[in-house]
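Each remark here refers to the structure printed beneath this line.
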Amino acid sequence: MRLNTIPFILFIGGTLLLSSCFFSGKKDKLSMPLNIGEPSKAFAVNIDGDNLYSLIGLPLASDSMKNVIKQLGDFKFTTSMDEYYPYPTTAAYLNYEFGSMYICVRGAGMNIERSELQKTYDEYTSSFKTESIVIYPEDYKKPLPYNLKYTDTPSMVEKKVGLHDNFFHTPRETDYKFFYPNKGLEIKFYCGLSDTTITQITLTDSITEMQRFPTKFGADKEK
């Protein structure tokens, strides 16, 4: 009887191993980055300082964006569907995370599953464009926009970028932010007992940001 149990144990063990490999492979497949193809021409893209703004609105399928992704090197690829799955989203947000910086791309994606992302991208390629760039300046080794430094105080930031509007000021106990919609810029600070540092810089499209505040920038602006 004991000998008869050995094949059964081996069978169960093999089944579990195959199941593990199957689900592991499925998970790995879902976490793989989107296949956007190779650039037709290879070239270096200047992304120092204010040049980062040139990436906002660029199609992911463009040679410039393909070269930027290759230029920046290894990245972690995540999507809004990874975070909220299985709930549908109104758009597909793709995040290319390069450690101290990540690029967020927005594209068509209503009611699609993560496994359908490649198919959706292939069908609606032109809709996938860079929406924002987030920088963590303390670890970022390249020049920052507006010549900012992560150790800049709020007053130093205002000298470089301009006075912030209290309408967009959001104070907290230990952190707050300056929001410049007309510049497509958001700067988050951490305020400790002995120092103040910039923890995050976000670049977006200024025209789109201003449209969110018609009473400040649009037709509803007070005369």
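Note on naming: chains are A, B, ... as they come in the structure tokens, residues start from 1 per chain, ligands start from 1 in the order shown.
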
Residue contacts of Val161 (chain A) (10 Å, only C-alpha atoms) excluding same-chain residues fewer than 4 positions away, as an NGL selection string: :A and (145-148 or 155-157 or 180 or 183 or 185)

Those residues you just picked out, can you put them in a file as a compact mmCIF listing (two decimals), in the first residue's frame with N, CA and C atoms?
# COMPACT_ATOMS: atom_id res chain seq x y z
N PRO A 145 14.38 71.19 -14.06
CA PRO A 145 13.75 72.36 -14.69
C PRO A 145 13.87 73.59 -13.79
N TYR A 146 13.93 74.74 -14.42
CA TYR A 146 14.03 76.02 -13.73
C TYR A 146 15.27 76.12 -12.84
N ASN A 147 16.24 75.26 -13.11
CA ASN A 147 17.48 75.26 -12.33
C ASN A 147 17.23 75.01 -10.85
N LEU A 148 16.18 74.26 -10.55
CA LEU A 148 15.84 73.96 -9.17
C LEU A 148 16.83 72.97 -8.55
N SER A 155 11.09 80.14 -0.68
CA SER A 155 11.44 81.48 -1.15
C SER A 155 12.42 81.41 -2.32
N MET A 156 13.34 80.44 -2.29
CA MET A 156 14.28 80.27 -3.40
C MET A 156 13.55 79.80 -4.65
N VAL A 157 12.56 78.93 -4.47
CA VAL A 157 11.76 78.46 -5.60
C VAL A 157 11.03 79.62 -6.26
N TYR A 180 1.72 75.61 -10.09
CA TYR A 180 1.72 76.63 -11.14
C TYR A 180 1.05 76.05 -12.39
N LYS A 183 2.28 77.05 -15.78
CA LYS A 183 3.61 76.56 -16.16
C LYS A 183 3.63 75.03 -16.25
N LEU A 185 3.39 72.94 -13.73
CA LEU A 185 4.40 72.60 -12.73
C LEU A 185 3.78 72.49 -11.34

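When the distance limit is 10 Å and only C-alpha atoms are what count, the residues near region 72-74 of chain A, minus those fewer than 6 positions from it on the same chain, are Ile47, Tyr96, Glu97, Phe98, Gly99 and Met101 of chain A.
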
Those in region 168-221 of chain A with alpha helix (DSSP H) from DSSP, as number ranges by chain: A: 206-211, 214-217

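Non-sequential neighbours of region 56-63 of chain A (distance at most 8 Å, separation of 6 or more positions within a chain, only C-alpha atoms) are Ile36, Gly37, Pro39, Ser40, Lys41, Ala42, Val105, Thr125, Ser126, Ser127, Phe128, Lys129, Thr130, Glu131, Ser132, Ile133, Leu203, Thr204 and Asp205 of chain A.
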
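Here CA of Thr199 (chain A) and CA of Leu144 (chain A) stand 12.7 Å from one another.
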
Nearest candidate to Phe168 (chain A) (options A:Asn182, A:Ser194, A:Thr120, A:Thr202; using only C-alpha atoms): A:Asn182
